[in-house]
Amino acid sequence: MQGKELLSKMFRNYFVLVTLINVVIFVSGSIAQPDARFGYSVFMMPLIYAFAGILPQAVMYSKRELSMKEVLLRKFIQLLLIELLVNGIILGENALRPEYTDFLKTISVCVVLVYVFANIISWVLDSASARTLTRELAEFQEKNEG
């Protein structure tokens, strides 16, 4: 993925991640602590988590087209980096303490779910863009042939 294309995709994915993270926080919070109330500062956390989530997208940067095997390997590395960053931000050094094991597992599962859904949404948006470009190219070619 080229530099300009990567930045554009990172920008778009940032907002997808913010939305998905908000949904995960709402659902998990509604289940775990439905009566909890927070201050306005809590609204910054999805923005920070999403930023941590897009940083590992730099792993996808390449000056040449990647093979499917290379893409999958880089996606796996990307997921691992996101897990480390998000769990590090949320738990810090507590991530290694036994009493936080269940919390760590819950966060890790949520990170995987958000990662999968974000990639699905990104694929759907990329596919729609590709279809539009293909259609416009076909129309352009028809127009210039006649």
# chains A, B, ... in the order shown; residues from 1 in each chain; ligands from 1
call {"tool": "residues_around", "arguments": {"residues": "segment 118-122 of chain A", "least_positions_apart": "4", "cutoff": "7 Å", "atoms": "only C-alpha atoms", "output": "list in words"}}
result
Val16, Leu17, Val114 and Asp126 of chain A
call {"tool": "write_last_selection", "arguments": {"atoms": "C-alpha atoms", "output": "compact mmCIF listing (two decimals), in the first residue's frame"}}
result
# COMPACT_ATOMS: atom_id res chain seq x y z
CA VAL A 16 -14.70 3.38 11.97
CA LEU A 17 -12.71 2.29 15.03
CA VAL A 114 -13.47 -4.68 16.76
CA ASP A 126 -13.02 -0.68 -0.60
call {"tool": "closest_atom_pairs", "arguments": {"of": "segment 77-101 of chain A", "to": "segment 34-56 of chain A", "cutoff": "10 Å", "atoms": "only C-alpha atoms", "output": "JSON lines"}}
result
{"residue": "A:Ile77", "atom": "CA", "partner": "A:Pro56", "partner_atom": "CA", "distance": 8.3}
{"residue": "A:Gln78", "atom": "CA", "partner": "A:Pro56", "partner_atom": "CA", "distance": 5.3}
{"residue": "A:Leu79", "atom": "CA", "partner": "A:Pro56", "partner_atom": "CA", "distance": 7.9}
{"residue": "A:Leu80", "atom": "CA", "partner": "A:Pro56", "partner_atom": "CA", "distance": 9.0}
{"residue": "A:Leu81", "atom": "CA", "partner": "A:Pro56", "partner_atom": "CA", "distance": 6.2}
{"residue": "A:Ile82", "atom": "CA", "partner": "A:Gly53", "partner_atom": "CA", "distance": 5.4}
{"residue": "A:Glu83", "atom": "CA", "partner": "A:Gly53", "partner_atom": "CA", "distance": 8.6}
{"residue": "A:Leu84", "atom": "CA", "partner": "A:Ala52", "partner_atom": "CA", "distance": 9.6}
{"residue": "A:Leu85", "atom": "CA", "partner": "A:Ala52", "partner_atom": "CA", "distance": 6.2}
{"residue": "A:Val86", "atom": "CA", "partner": "A:Tyr49", "partner_atom": "CA", "distance": 6.3}
{"residue": "A:Asn87", "atom": "CA", "partner": "A:Tyr49", "partner_atom": "CA", "distance": 9.7}
{"residue": "A:Ile89", "atom": "CA", "partner": "A:Tyr49", "partner_atom": "CA", "distance": 8.0}
{"residue": "A:Ile90", "atom": "CA", "partner": "A:Tyr49", "partner_atom": "CA", "distance": 8.9}
call {"tool": "atom_distance", "arguments": {"atom1": "atom CA of Arg74 of chain A", "atom2": "atom CA of Arg131 of chain A"}}
result
25.6 Å
call {"tool": "atom_distance", "arguments": {"atom1": "atom CA of Leu104 of chain A", "atom2": "atom CA of Gly88 of chain A"}}
result
10.0 Å
call {"tool": "atom_distance", "arguments": {"atom1": "atom CA of Ser108 of chain A", "atom2": "atom CA of Glu70 of chain A"}}
result
23.7 Å
call {"tool": "select_by_dssp", "arguments": {"residues": "chain A", "states": "alpha helix (DSSP H)", "output": "VMD selection string"}}
result
chain A and resid 3 to 32 45 to 54 68 to 91 101 to 145
call {"tool": "residues_around", "arguments": {"residues": "segment 1-10 of chain A", "least_positions_apart": "6", "cutoff": "9 Å", "atoms": "only C-alpha atoms", "output": "short mmCIF file (atom, residue, chain, number, x, y, z; two decimals) with C-alpha atoms, in the first residue's frame"}}
result
data_model
loop_
_atom_site.label_atom_id
_atom_site.label_comp_id
_atom_site.auth_asym_id
_atom_site.auth_seq_id
_atom_site.Cartn_x
_atom_site.Cartn_y
_atom_site.Cartn_z
CA ILE A 54 -4.48 2.70 13.58
CA LEU A 55 -0.79 3.06 14.42
CA GLN A 57 -1.52 -0.05 10.12
CA ALA A 58 1.96 1.15 9.18
CA MET A 60 0.75 -2.73 5.86
CA TYR A 61 2.93 -0.15 4.09
CA SER A 62 4.75 -1.52 1.07
CA LYS A 63 6.14 -0.04 -2.12
CA ARG A 64 5.03 -3.13 -4.01
CA GLU A 65 1.90 -5.27 -4.17
CA LEU A 66 1.84 -7.78 -1.32
CA SER A 122 -13.03 -1.51 5.35
#
call {"tool": "closest_residue", "arguments": {"among": "A:Arg97, A:Leu72, A:Ser67, A:Leu113", "to": "Val23 of chain A", "atoms": "only C-alpha atoms"}}
result
A:Leu113
